[in-house]
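Listing of my_file18.cif; format and content: mmCIF, C-alpha atoms (C1' of nucleotides).
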```cif
data_my_file
loop_
_atom_site.label_atom_id
_atom_site.label_comp_id
_atom_site.auth_asym_id
_atom_site.auth_seq_id
_atom_site.Cartn_x
_atom_site.Cartn_y
_atom_site.Cartn_z
CA MET A 1 0.00 0.00 0.00
CA ASN A 2 1.33 3.40 -0.86
CA LYS A 3 0.70 6.49 1.19
CA ASP A 4 -2.23 7.69 -0.91
CA GLN A 5 -4.02 4.39 -0.62
CA VAL A 6 -3.60 4.41 3.14
CA THR A 7 -4.92 7.96 3.33
CA GLU A 8 -7.89 7.03 1.19
CA LEU A 9 -8.72 4.02 3.35
CA ILE A 10 -8.43 6.02 6.55
CA HIS A 11 -10.67 8.68 5.12
CA ARG A 12 -13.31 6.15 4.13
CA TYR A 13 -13.08 4.45 7.49
CA THR A 14 -13.36 7.55 9.65
CA LYS A 15 -16.17 8.86 7.50
CA VAL A 16 -18.27 5.79 8.06
CA SER A 17 -17.35 5.11 11.65
CA PHE A 18 -19.01 8.25 12.92
CA ILE A 19 -22.30 7.50 11.23
CA VAL A 20 -22.28 3.85 12.25
CA LYS A 21 -21.68 4.94 15.83
CA ARG A 22 -24.56 7.40 15.66
CA MET A 23 -26.87 4.84 14.09
CA ALA A 24 -25.98 2.21 16.64
CA GLU A 25 -26.86 4.62 19.42
CA SER A 26 -29.88 6.05 17.77
CA LEU A 27 -31.62 3.04 16.23
CA ILE A 28 -31.41 1.00 19.37
CA LYS A 29 -32.58 3.86 21.51
CA ASP A 30 -35.56 4.30 19.20
CA GLN A 31 -36.35 0.62 19.60
CA LEU A 32 -35.98 0.56 23.33
CA SER A 33 -37.68 3.78 24.34
CA ASP A 34 -36.54 4.68 27.83
CA ALA A 35 -35.20 1.37 28.97
CA LEU A 36 -31.40 1.27 28.82
CA THR A 37 -28.80 3.48 27.26
CA ASN A 38 -26.05 1.96 25.18
CA GLY A 39 -23.52 2.34 27.94
CA GLN A 40 -25.82 0.86 30.54
CA PHE A 41 -26.52 -2.11 28.31
CA TYR A 42 -22.84 -2.88 27.89
CA MET A 43 -22.19 -2.50 31.60
CA LEU A 44 -24.98 -4.95 32.38
CA ARG A 45 -23.66 -7.37 29.80
CA TYR A 46 -20.18 -7.28 31.26
CA ILE A 47 -21.46 -7.88 34.79
CA GLN A 48 -23.65 -10.70 33.56
CA GLU A 49 -20.85 -12.34 31.62
CA GLN A 50 -18.51 -12.13 34.57
CA GLY A 51 -21.17 -13.16 37.03
CA THR A 52 -19.81 -10.58 39.41
CA CYS A 53 -17.29 -7.78 39.14
CA THR A 54 -16.10 -4.53 40.67
CA SER A 55 -16.15 -0.92 39.52
CA SER A 56 -12.44 -1.15 38.85
CA ASN A 57 -13.00 -4.15 36.59
CA LEU A 58 -15.50 -2.17 34.57
CA ALA A 59 -13.28 0.89 34.41
CA GLU A 60 -10.42 -1.23 33.12
CA ALA A 61 -12.55 -3.17 30.66
CA PHE A 62 -14.13 -0.09 29.12
CA PHE A 63 -11.15 2.23 29.50
CA VAL A 64 -13.02 4.90 31.37
CA ASN A 65 -12.43 6.78 34.58
CA LYS A 66 -13.64 5.14 37.76
CA SER A 67 -15.88 8.13 38.48
CA ALA A 68 -17.74 7.55 35.24
CA ILE A 69 -18.39 3.97 36.31
CA THR A 70 -19.62 5.10 39.70
CA ALA A 71 -22.14 7.38 37.99
CA ILE A 72 -23.42 4.69 35.63
CA ILE A 73 -23.60 2.08 38.37
CA SER A 74 -25.46 4.51 40.54
CA ARG A 75 -28.11 4.97 37.84
CA LEU A 76 -28.41 1.22 37.39
CA LYS A 77 -28.72 0.83 41.13
CA ASP A 78 -31.43 3.49 41.25
CA LYS A 79 -33.35 1.52 38.65
CA GLY A 80 -32.96 -1.60 40.77
CA LEU A 81 -31.03 -3.43 38.07
CA ILE A 82 -27.94 -4.34 40.07
CA ASN A 83 -26.94 -5.29 43.59
CA ARG A 84 -23.90 -4.04 45.42
CA VAL A 85 -22.33 -6.23 48.07
CA ARG A 86 -19.32 -5.19 50.06
CA ASN A 87 -16.57 -7.78 50.24
CA GLU A 88 -16.00 -8.69 53.87
CA ASP A 89 -12.46 -9.92 53.19
CA ASP A 90 -11.44 -6.54 51.78
CA ARG A 91 -13.92 -3.94 52.80
CA ARG A 92 -12.76 -1.47 50.18
CA VAL A 93 -14.21 -3.67 47.46
CA VAL A 94 -17.83 -3.69 46.31
CA TYR A 95 -19.06 -6.60 44.23
CA LEU A 96 -21.66 -5.91 41.56
CA THR A 97 -24.21 -8.44 40.36
CA LEU A 98 -27.39 -8.24 38.32
CA SER A 99 -30.64 -8.26 40.20
CA GLU A 100 -33.51 -10.38 38.89
CA LYS A 101 -34.97 -7.25 37.35
CA GLY A 102 -31.59 -6.46 35.84
CA LYS A 103 -31.26 -9.92 34.32
CA ASN A 104 -34.71 -9.72 32.83
CA LEU A 105 -34.28 -6.26 31.39
CA PHE A 106 -30.88 -7.17 30.01
CA THR A 107 -32.21 -10.30 28.34
CA GLU A 108 -35.17 -8.45 26.90
CA THR A 109 -32.97 -5.63 25.61
CA GLU A 110 -30.48 -8.05 24.10
CA MET A 111 -33.30 -9.86 22.35
CA ARG A 112 -34.63 -6.66 20.83
CA ILE A 113 -31.20 -5.61 19.64
CA HIS A 114 -30.75 -9.00 18.04
CA LEU A 115 -34.12 -8.77 16.35
CA LEU A 116 -33.18 -5.40 14.94
CA LEU A 117 -29.81 -6.60 13.69
CA GLU A 118 -31.05 -9.91 12.32
CA ASN A 119 -33.25 -8.01 9.93
CA PHE A 120 -30.32 -6.87 7.91
CA ILE A 121 -27.39 -9.08 8.79
CA THR A 122 -28.79 -11.56 6.30
CA GLU A 123 -28.29 -8.98 3.58
CA PHE A 124 -24.62 -9.83 3.81
CA ASN A 125 -22.89 -12.83 2.42
CA GLU A 126 -21.88 -15.13 5.28
CA ASP A 127 -18.20 -15.07 4.38
CA GLU A 128 -18.24 -11.33 4.01
CA ILE A 129 -19.79 -10.62 7.38
CA SER A 130 -17.66 -13.22 9.07
CA ALA A 131 -14.46 -11.75 7.67
CA PHE A 132 -15.66 -8.30 8.56
CA ILE A 133 -16.20 -9.15 12.19
CA THR A 134 -12.88 -10.97 12.43
CA THR A 135 -11.07 -7.90 11.14
CA TYR A 136 -13.12 -5.72 13.44
CA GLU A 137 -12.00 -7.79 16.39
CA LYS A 138 -8.41 -7.54 15.25
CA LEU A 139 -8.79 -3.78 14.97
CA SER A 140 -10.20 -3.70 18.46
CA THR A 141 -7.26 -5.64 19.83
CA ILE A 142 -4.78 -3.33 18.16
CA LEU A 143 -6.54 -0.23 19.45
CA VAL A 144 -6.70 -1.65 22.94
CA ASP A 145 -3.00 -2.54 22.90
CA LEU A 146 -2.18 0.93 21.65
CA LYS A 147 -4.23 2.46 24.44
CA LYS A 148 -2.57 0.26 27.03
CA ASN A 149 0.86 1.23 25.79
CA GLN A 150 -0.09 4.88 26.04
CA GLN A 151 -1.31 4.37 29.57
CA GLU A 152 1.88 2.60 30.59
CA GLU A 153 3.95 5.46 29.30
CA LEU A 154 2.49 7.74 31.96
CA MET B 1 -26.61 -18.97 8.20
CA ASN B 2 -28.67 -20.53 10.93
CA LYS B 3 -30.05 -18.64 13.88
CA ASP B 4 -27.22 -19.57 16.22
CA GLN B 5 -24.58 -18.38 13.81
CA VAL B 6 -26.35 -15.07 13.39
CA THR B 7 -26.63 -14.67 17.15
CA GLU B 8 -22.96 -15.46 17.55
CA LEU B 9 -21.95 -12.92 14.92
CA ILE B 10 -24.14 -10.22 16.42
CA HIS B 11 -22.70 -10.91 19.82
CA ARG B 12 -19.16 -10.65 18.55
CA TYR B 13 -19.97 -7.49 16.63
CA THR B 14 -21.70 -5.64 19.44
CA LYS B 15 -19.01 -6.66 21.88
CA VAL B 16 -16.28 -5.12 19.79
CA SER B 17 -18.16 -2.10 18.53
CA PHE B 18 -18.39 -0.52 21.96
CA ILE B 19 -14.69 -0.78 22.62
CA VAL B 20 -13.74 0.43 19.16
CA LYS B 21 -16.00 3.42 19.67
CA ARG B 22 -14.40 4.17 23.02
CA MET B 23 -10.90 3.78 21.64
CA ALA B 24 -11.64 6.01 18.67
CA GLU B 25 -12.86 8.72 21.02
CA SER B 26 -10.19 8.22 23.59
CA LEU B 27 -7.03 7.70 21.58
CA ILE B 28 -7.66 10.67 19.36
CA LYS B 29 -8.51 12.88 22.31
CA ASP B 30 -5.26 11.83 23.95
CA GLN B 31 -3.39 12.79 20.82
CA LEU B 32 -5.09 16.11 20.39
CA SER B 33 -5.12 17.39 23.95
CA ASP B 34 -7.79 20.06 24.16
CA ALA B 35 -8.13 20.94 20.52
CA LEU B 36 -11.21 19.34 18.97
CA THR B 37 -13.67 16.75 20.15
CA ASN B 38 -14.65 13.92 17.85
CA GLY B 39 -17.97 15.50 17.02
CA GLN B 40 -16.43 18.88 16.34
CA PHE B 41 -13.87 17.31 14.04
CA TYR B 42 -16.53 15.59 11.96
CA MET B 43 -18.60 18.78 11.77
CA LEU B 44 -15.61 20.71 10.50
CA ARG B 45 -14.86 18.02 7.98
CA TYR B 46 -18.38 18.08 6.62
CA ILE B 47 -18.37 21.85 6.29
CA GLN B 48 -15.00 21.73 4.60
CA GLU B 49 -16.04 19.01 2.17
CA GLN B 50 -19.20 20.86 1.26
CA GLY B 51 -17.45 24.21 1.12
CA THR B 52 -20.49 25.71 2.79
CA CYS B 53 -23.57 24.30 4.46
CA THR B 54 -26.37 25.03 6.89
CA SER B 55 -27.24 23.72 10.33
CA SER B 56 -30.06 21.73 8.78
CA ASN B 57 -27.64 20.07 6.40
CA LEU B 58 -25.49 19.00 9.33
CA ALA B 59 -28.46 17.78 11.32
CA GLU B 60 -29.61 15.69 8.38
CA ALA B 61 -26.15 14.36 7.58
CA PHE B 62 -25.40 13.28 11.13
CA PHE B 63 -28.94 12.35 12.12
CA VAL B 64 -29.04 14.58 15.14
CA ASN B 65 -31.44 17.20 16.34
CA LYS B 66 -30.98 20.74 15.08
CA SER B 67 -30.50 21.99 18.63
CA ALA B 68 -27.51 19.74 19.09
CA ILE B 69 -25.99 21.23 15.96
CA THR B 70 -26.64 24.74 17.21
CA ALA B 71 -24.73 23.92 20.38
CA ILE B 72 -21.74 22.42 18.57
CA ILE B 73 -21.63 25.21 16.02
CA SER B 74 -21.79 27.73 18.79
CA ARG B 75 -18.71 26.21 20.43
CA LEU B 76 -16.87 26.17 17.12
CA LYS B 77 -17.86 29.76 16.57
CA ASP B 78 -16.62 30.69 20.04
CA LYS B 79 -13.28 29.15 19.14
CA GLY B 80 -13.22 31.19 15.96
CA LEU B 81 -13.17 28.11 13.74
CA ILE B 82 -16.19 28.87 11.58
CA ASN B 83 -17.98 31.83 10.06
CA ARG B 84 -21.73 32.31 9.92
CA VAL B 85 -23.22 34.32 7.09
CA ARG B 86 -26.92 34.97 6.79
CA ASN B 87 -28.36 34.33 3.36
CA GLU B 88 -29.89 37.55 2.05
CA ASP B 89 -32.19 35.69 -0.33
CA ASP B 90 -33.76 33.74 2.50
CA ARG B 91 -33.00 35.41 5.77
CA ARG B 92 -33.91 32.35 7.79
CA VAL B 93 -30.85 30.55 6.47
CA VAL B 94 -27.34 30.84 7.90
CA TYR B 95 -24.43 29.59 5.83
CA LEU B 96 -21.48 28.05 7.64
CA THR B 97 -17.92 28.07 6.37
CA LEU B 98 -14.55 27.35 7.90
CA SER B 99 -12.45 30.31 8.97
CA GLU B 100 -8.75 30.28 8.19
CA LYS B 101 -8.11 29.20 11.75
CA GLY B 102 -10.72 26.48 11.34
CA LYS B 103 -9.14 25.21 8.13
CA ASN B 104 -5.73 25.10 9.74
CA LEU B 105 -6.87 23.35 12.88
CA PHE B 106 -8.89 20.88 10.86
CA THR B 107 -5.97 20.04 8.60
CA GLU B 108 -3.63 19.68 11.54
CA THR B 109 -6.07 17.46 13.41
CA GLU B 110 -6.72 15.32 10.36
CA MET B 111 -3.00 14.87 9.89
CA ARG B 112 -2.51 13.72 13.45
CA ILE B 113 -5.37 11.27 13.22
CA HIS B 114 -3.90 9.88 10.04
CA LEU B 115 -0.48 9.56 11.64
CA LEU B 116 -2.04 7.66 14.51
CA LEU B 117 -3.97 5.33 12.24
CA GLU B 118 -1.16 4.79 9.74
CA ASN B 119 0.91 3.25 12.50
CA PHE B 120 -1.25 0.21 12.61
CA ILE B 121 -3.25 0.09 9.39
CA THR B 122 -0.20 -1.49 7.81
CA GLU B 123 -0.55 -4.39 10.21
CA PHE B 124 -3.43 -5.50 8.04
CA ASN B 125 -3.28 -7.20 4.73
CA GLU B 126 -4.35 -4.77 2.00
CA ASP B 127 -7.15 -6.99 0.74
CA GLU B 128 -8.37 -7.58 4.25
CA ILE B 129 -8.60 -3.94 5.24
CA SER B 130 -10.05 -2.97 1.91
CA ALA B 131 -12.79 -5.58 2.16
CA PHE B 132 -13.40 -4.56 5.73
CA ILE B 133 -13.99 -0.95 4.87
CA THR B 134 -16.21 -1.83 1.94
CA THR B 135 -18.41 -3.94 4.18
CA TYR B 136 -18.36 -1.20 6.79
CA GLU B 137 -19.62 1.27 4.23
CA LYS B 138 -22.34 -1.15 3.20
CA LEU B 139 -23.32 -1.55 6.84
CA SER B 140 -23.46 2.19 7.18
CA THR B 141 -25.74 2.50 4.15
CA ILE B 142 -28.08 -0.13 5.49
CA LEU B 143 -28.23 1.47 8.92
CA VAL B 144 -28.86 4.87 7.40
CA ASP B 145 -31.65 3.51 5.21
CA LEU B 146 -33.19 1.80 8.19
CA LYS B 147 -33.07 5.03 10.14
CA LYS B 148 -34.62 6.98 7.29
CA ASN B 149 -37.43 4.47 7.00
CA GLN B 150 -38.10 4.80 10.71
CA GLN B 151 -38.17 8.56 10.42
CA GLU B 152 -40.60 8.45 7.50
CA GLU B 153 -42.97 6.27 9.47
CA LEU B 154 -43.58 9.13 11.92
"C1'" DT C 1 -54.31 40.56 0.27
"C1'" DG C 2 -54.26 38.82 4.61
"C1'" DT C 3 -54.20 34.96 7.48
"C1'" DT C 4 -52.31 30.55 8.10
"C1'" DA C 5 -48.50 26.94 7.32
"C1'" DA C 6 -44.14 25.65 7.10
"C1'" DT C 7 -39.24 26.31 7.62
"C1'" DA C 8 -34.54 27.77 9.74
"C1'" DG C 9 -32.54 28.43 13.63
"C1'" DT C 10 -32.14 29.46 18.72
"C1'" DT C 11 -32.91 28.88 23.55
"C1'" DA C 12 -33.89 26.55 27.88
"C1'" DA C 13 -34.30 22.65 30.92
"C1'" DC C 14 -32.85 18.25 31.30
"C1'" DG C 15 -30.16 13.67 31.18
"C1'" DA C 16 -26.13 10.61 30.12
"C1'" DC C 17 -21.45 10.14 30.10
"C1'" DG C 18 -16.78 11.64 30.18
"C1'" DT C 19 -12.80 14.24 32.75
"C1'" DG C 20 -9.59 15.60 36.88
"C1'" DA C 21 -8.99 16.55 41.64
"C1'" DA C 22 -9.92 15.95 46.30
"C1'" DC C 23 -11.78 12.99 49.46
"C1'" DT C 24 -12.92 8.54 52.77
"C1'" DA C 25 -11.99 4.15 54.21
"C1'" DA C 26 -9.40 0.12 54.23
"C1'" DA C 27 -5.32 -2.63 53.44
"C1'" DT C 28 -0.25 -3.08 53.02
"C1'" DG C 29 4.40 -2.96 54.20
"C1'" DA C 30 8.99 -1.09 55.61
"C1'" DT D 1 3.57 2.58 63.69
"C1'" DC D 2 3.19 5.52 60.02
"C1'" DA D 3 3.52 6.33 55.15
"C1'" DT D 4 1.78 4.47 50.90
"C1'" DT D 5 -1.34 2.18 47.98
"C1'" DT D 6 -5.86 0.81 46.60
"C1'" DA D 7 -11.19 0.93 45.96
"C1'" DG D 8 -14.58 3.69 45.56
"C1'" DT D 9 -17.18 8.19 46.00
"C1'" DT D 10 -18.13 13.03 45.39
"C1'" DC D 11 -17.81 17.50 43.19
"C1'" DA D 12 -17.31 20.86 39.56
"C1'" DC D 13 -17.13 20.97 34.97
"C1'" DG D 14 -17.58 20.13 29.72
"C1'" DT D 15 -19.73 17.82 25.62
"C1'" DC D 16 -23.38 16.14 23.22
"C1'" DG D 17 -27.82 14.34 22.93
"C1'" DT D 18 -33.16 15.04 23.76
"C1'" DT D 19 -37.88 17.70 23.74
"C1'" DA D 20 -40.55 21.81 23.86
"C1'" DA D 21 -41.32 26.47 23.21
"C1'" DC D 22 -39.81 30.38 20.95
"C1'" DT D 23 -38.44 34.11 16.97
"C1'" DA D 24 -38.10 35.37 12.44
"C1'" DT D 25 -38.89 34.63 7.85
"C1'" DT D 26 -41.00 32.65 3.79
"C1'" DA D 27 -44.69 30.26 1.30
"C1'" DA D 28 -49.42 29.03 0.33
"C1'" DC D 29 -53.95 29.73 -0.57
"C1'" DA D 30 -58.96 31.23 0.27
#
```
Can the structure from this file be put into structure tokens for me?
Amino acid sequence: MNKDQVTELIHRYTKVSFIVKRMAESLIKDQLSDALTNGQFYMLRYIQEQGTCTSSNLAEAFFVNKSAITAIISRLKDKGLINRVRNEDDRRVVYLTLSEKGKNLFTETEMRIHLLLENFITEFNEDEISAFITTYEKLSTILVDLKKNQQEEL
Amino acid sequence: MNKDQVTELIHRYTKVSFIVKRMAESLIKDQLSDALTNGQFYMLRYIQEQGTCTSSNLAEAFFVNKSAITAIISRLKDKGLINRVRNEDDRRVVYLTLSEKGKNLFTETEMRIHLLLENFITEFNEDEISAFITTYEKLSTILVDLKKNQQEEL
DNA sequence: TGTTAATAGTTAACGACGTGAACTAAATGA
DNA sequence: TCATTTAGTTCACGTCGTTAACTATTAACA
């Protein structure tokens, strides 16, 4: 690849990424009315996948400040979607788990997102979409590594 | 593709998309200190590409409310990055253009983003990244169409 | 022509999510 | 023991969304 080709690809990528991001936020919000925001959904998913986790885990996983996590968790707690249990072995630590209500809302939300996406994922060739996601994951890994390196430099 | 495969792909996609979004916001912000936010950068780019445009154009292009555009434009105006000229033929309309300062900052920002991305885009095979972006663009088109259909239903 | 509609843009009140800095409480370790 | 580290919270702030109500201007039509 020469320089011009790289520039062209970057331009095409950045152009699309902003709209895809907006659409992902917007379409799902339209579908889900006032249930969960994007961020809240991903937090719930992480907690569910891990079974239990801490604020620090979330902050590290999503590369955001701990205070941001505290705010999101606090909203989820207000909605009764998660439980917070202090660890008696190390009383600084608070374990987060999904409440029954949280599990249900998460599952319902996930289902609706899948329904929305299923409608058009079939418009892609299987190989195409599969390769796309694989590259996307690779991109994610690279970006994450880059971010981690930046953080370590501090 | 059977249902399980589709579910699996959607899961992989949504899992990565959130992190990629975060990284795109975060890495570039780290690079650019307190110059431009992501949203501001894309607004400037649109105005530059179009030469001139209106708030309504931006709102339509980025699928956001006009009030959100007003707020962003107002910040860009405060920074002296854009000019606003009222159209004398239709005095409701305000044309937006980049100021010299805006052009310079945009170009500089774009260059830094490209430098950041160039560092790892070469880690991909040319065919792979090219196919990836093509599919990404297709995805974007589909999402945009879906959004437009939803809007028309109102 | 004069009243009504639509359109472009702004403003205000609000919410979600991000930041950094200062803080509490608890654990660690020389 | 006393300084340091760690987990988490709180506060003040900024950005970017939303809806609703508003101004000003243009367009439409009876």
For the file shown, what are the residues hit by the PyMOL selection byres ((chain C and resi 15) around 10), laid out as JSON, numbers by chain?
-> {"C": [13, 14, 16, 17], "D": [17, 18]}
Please write out chain B, superposed on chain A by least squares over all C-alpha atoms matched in order, as a short mmCIF file (atom, residue, chain, number, x, y, z; two decimals) with C-alpha atoms, in the coordinates of the input.
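The resulting file, result-v4.cif, is reproduced below:
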```cif
data_model
loop_
_atom_site.label_atom_id
_atom_site.label_comp_id
_atom_site.auth_asym_id
_atom_site.auth_seq_id
_atom_site.Cartn_x
_atom_site.Cartn_y
_atom_site.Cartn_z
CA MET B 1 0.01 0.02 -0.03
CA ASN B 2 1.31 3.43 -0.92
CA LYS B 3 0.67 6.54 1.11
CA ASP B 4 -2.26 7.70 -0.98
CA GLN B 5 -4.04 4.39 -0.68
CA VAL B 6 -3.62 4.43 3.08
CA THR B 7 -4.94 7.97 3.26
CA GLU B 8 -7.91 7.02 1.13
CA LEU B 9 -8.73 4.02 3.31
CA ILE B 10 -8.44 6.03 6.50
CA HIS B 11 -10.68 8.68 5.07
CA ARG B 12 -13.31 6.16 4.09
CA TYR B 13 -13.08 4.45 7.46
CA THR B 14 -13.35 7.56 9.60
CA LYS B 15 -16.17 8.88 7.46
CA VAL B 16 -18.28 5.81 8.03
CA SER B 17 -17.34 5.12 11.62
CA PHE B 18 -19.02 8.26 12.90
CA ILE B 19 -22.31 7.50 11.23
CA VAL B 20 -22.27 3.85 12.27
CA LYS B 21 -21.66 4.95 15.83
CA ARG B 22 -24.55 7.39 15.67
CA MET B 23 -26.86 4.83 14.11
CA ALA B 24 -25.95 2.20 16.68
CA GLU B 25 -26.81 4.62 19.46
CA SER B 26 -29.85 6.03 17.81
CA LEU B 27 -31.58 3.02 16.30
CA ILE B 28 -31.32 0.99 19.45
CA LYS B 29 -32.53 3.87 21.59
CA ASP B 30 -35.51 4.24 19.28
CA GLN B 31 -36.28 0.57 19.71
CA LEU B 32 -35.92 0.57 23.45
CA SER B 33 -37.71 3.77 24.37
CA ASP B 34 -36.52 4.77 27.82
CA ALA B 35 -35.19 1.47 29.04
CA LEU B 36 -31.40 1.32 28.83
CA THR B 37 -28.79 3.52 27.26
CA ASN B 38 -26.04 1.98 25.18
CA GLY B 39 -23.50 2.35 27.94
CA GLN B 40 -25.81 0.89 30.55
CA PHE B 41 -26.53 -2.08 28.32
CA TYR B 42 -22.85 -2.88 27.88
CA MET B 43 -22.21 -2.51 31.62
CA LEU B 44 -24.99 -4.95 32.38
CA ARG B 45 -23.68 -7.36 29.81
CA TYR B 46 -20.20 -7.30 31.28
CA ILE B 47 -21.50 -7.89 34.79
CA GLN B 48 -23.67 -10.71 33.56
CA GLU B 49 -20.86 -12.36 31.62
CA GLN B 50 -18.53 -12.15 34.57
CA GLY B 51 -21.21 -13.18 37.03
CA THR B 52 -19.82 -10.61 39.42
CA CYS B 53 -17.31 -7.80 39.14
CA THR B 54 -16.12 -4.56 40.67
CA SER B 55 -16.19 -0.96 39.51
CA SER B 56 -12.47 -1.18 38.84
CA ASN B 57 -13.01 -4.17 36.59
CA LEU B 58 -15.53 -2.19 34.58
CA ALA B 59 -13.31 0.86 34.40
CA GLU B 60 -10.45 -1.27 33.12
CA ALA B 61 -12.59 -3.21 30.66
CA PHE B 62 -14.15 -0.13 29.11
CA PHE B 63 -11.18 2.18 29.50
CA VAL B 64 -13.06 4.84 31.36
CA ASN B 65 -12.45 6.66 34.59
CA LYS B 66 -13.69 5.06 37.79
CA SER B 67 -15.89 8.06 38.49
CA ALA B 68 -17.76 7.53 35.26
CA ILE B 69 -18.43 3.96 36.31
CA THR B 70 -19.66 5.09 39.70
CA ALA B 71 -22.17 7.36 37.99
CA ILE B 72 -23.46 4.68 35.63
CA ILE B 73 -23.64 2.07 38.36
CA SER B 74 -25.49 4.50 40.54
CA ARG B 75 -28.15 4.97 37.86
CA LEU B 76 -28.45 1.23 37.39
CA LYS B 77 -28.74 0.82 41.12
CA ASP B 78 -31.44 3.49 41.25
CA LYS B 79 -33.37 1.52 38.66
CA GLY B 80 -32.98 -1.59 40.77
CA LEU B 81 -31.04 -3.43 38.07
CA ILE B 82 -27.95 -4.35 40.06
CA ASN B 83 -26.97 -5.30 43.59
CA ARG B 84 -23.91 -4.05 45.44
CA VAL B 85 -22.33 -6.25 48.07
CA ARG B 86 -19.33 -5.19 50.07
CA ASN B 87 -16.58 -7.77 50.28
CA GLU B 88 -15.99 -8.64 53.93
CA ASP B 89 -12.45 -9.83 53.25
CA ASP B 90 -11.45 -6.48 51.81
CA ARG B 91 -13.95 -3.87 52.82
CA ARG B 92 -12.79 -1.44 50.18
CA VAL B 93 -14.22 -3.67 47.47
CA VAL B 94 -17.85 -3.70 46.32
CA TYR B 95 -19.07 -6.61 44.24
CA LEU B 96 -21.68 -5.93 41.58
CA THR B 97 -24.23 -8.45 40.37
CA LEU B 98 -27.39 -8.25 38.33
CA SER B 99 -30.68 -8.27 40.20
CA GLU B 100 -33.52 -10.38 38.86
CA LYS B 101 -34.99 -7.25 37.35
CA GLY B 102 -31.61 -6.45 35.83
CA LYS B 103 -31.27 -9.91 34.32
CA ASN B 104 -34.73 -9.70 32.82
CA LEU B 105 -34.29 -6.24 31.39
CA PHE B 106 -30.89 -7.16 30.01
CA THR B 107 -32.21 -10.28 28.32
CA GLU B 108 -35.16 -8.42 26.89
CA THR B 109 -32.97 -5.61 25.60
CA GLU B 110 -30.47 -8.02 24.10
CA MET B 111 -33.28 -9.83 22.33
CA ARG B 112 -34.61 -6.64 20.81
CA ILE B 113 -31.18 -5.59 19.63
CA HIS B 114 -30.71 -8.98 18.04
CA LEU B 115 -34.10 -8.76 16.35
CA LEU B 116 -33.14 -5.38 14.95
CA LEU B 117 -29.78 -6.58 13.69
CA GLU B 118 -31.03 -9.90 12.34
CA ASN B 119 -33.24 -8.02 9.93
CA PHE B 120 -30.32 -6.88 7.91
CA ILE B 121 -27.37 -9.09 8.80
CA THR B 122 -28.77 -11.58 6.32
CA GLU B 123 -28.29 -9.01 3.58
CA PHE B 124 -24.62 -9.85 3.80
CA ASN B 125 -22.87 -12.84 2.42
CA GLU B 126 -21.84 -15.14 5.28
CA ASP B 127 -18.17 -15.08 4.37
CA GLU B 128 -18.23 -11.34 4.01
CA ILE B 129 -19.77 -10.61 7.38
CA SER B 130 -17.65 -13.21 9.08
CA ALA B 131 -14.44 -11.75 7.66
CA PHE B 132 -15.65 -8.30 8.56
CA ILE B 133 -16.17 -9.15 12.18
CA THR B 134 -12.86 -10.95 12.42
CA THR B 135 -11.05 -7.90 11.12
CA TYR B 136 -13.09 -5.71 13.43
CA GLU B 137 -11.98 -7.78 16.38
CA LYS B 138 -8.39 -7.53 15.24
CA LEU B 139 -8.77 -3.77 14.95
CA SER B 140 -10.18 -3.68 18.44
CA THR B 141 -7.22 -5.65 19.81
CA ILE B 142 -4.76 -3.33 18.15
CA LEU B 143 -6.52 -0.23 19.42
CA VAL B 144 -6.68 -1.65 22.91
CA ASP B 145 -2.98 -2.52 22.86
CA LEU B 146 -2.16 0.94 21.63
CA LYS B 147 -4.20 2.45 24.42
CA LYS B 148 -2.54 0.26 27.02
CA ASN B 149 0.89 1.24 25.77
CA GLN B 150 -0.06 4.89 26.04
CA GLN B 151 -1.29 4.37 29.56
CA GLU B 152 1.91 2.59 30.59
CA GLU B 153 3.99 5.47 29.30
CA LEU B 154 2.52 7.75 31.99
#
```
Please identify all polymer residues within 7 Å of stretch 8-17 of chain A, counting all atoms listed in the file, omitting same-chain residues fewer than 3 positions from it, and present them as a PDB file with C-alpha atoms, in the frame of the given file.
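Saved as selection18.pdb:
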```
ATOM      1  CA  ASP A   4      -2.230   7.690  -0.910  1.00  0.00           C
ATOM      2  CA  GLN A   5      -4.020   4.390  -0.620  1.00  0.00           C
ATOM      3  CA  VAL A  20     -22.280   3.850  12.250  1.00  0.00           C
ATOM      4  CA  LYS A  21     -21.680   4.940  15.830  1.00  0.00           C
TER       5      LYS A  21
ATOM      6  CA  HIS B 114      -3.900   9.880  10.040  1.00  0.00           C
ATOM      7  CA  ILE B 133     -13.990  -0.950   4.870  1.00  0.00           C
ATOM      8  CA  GLU B 137     -19.620   1.270   4.230  1.00  0.00           C
ATOM      9  CA  SER B 140     -23.460   2.190   7.180  1.00  0.00           C
TER      10      SER B 140
END
```
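With all atoms listed in the file as the basis for measurement, A:Arg75 is the residue among A:Arg86, A:Arg92, A:Arg75, A:Lys3 that approaches A:Leu44 most closely.
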Counting only C-alpha atoms (C1' of nucleotides), chain D residues within 7 Å of chain B, as a PyMOL selection string | chain D and resi 16-17+24-25
Could you spell out the hits of the PyMOL selection byres ((chain B) within 8 of (chain A)) on the shown file, as a VMD selection string?
-> chain B and resid 1 6 to 7 9 to 10 12 to 13 16 18 to 23 27 42 62 to 63 114 117 to 118 120 to 122 126 128 to 133 135 to 137 139 to 140 142 to 144 147
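For the file shown, the residue list from the PyMOL selection byres ((chain C) within 8 of (chain A)) reads DC17, DG18, DT19, DA25, DA26 and DA27 of chain C.
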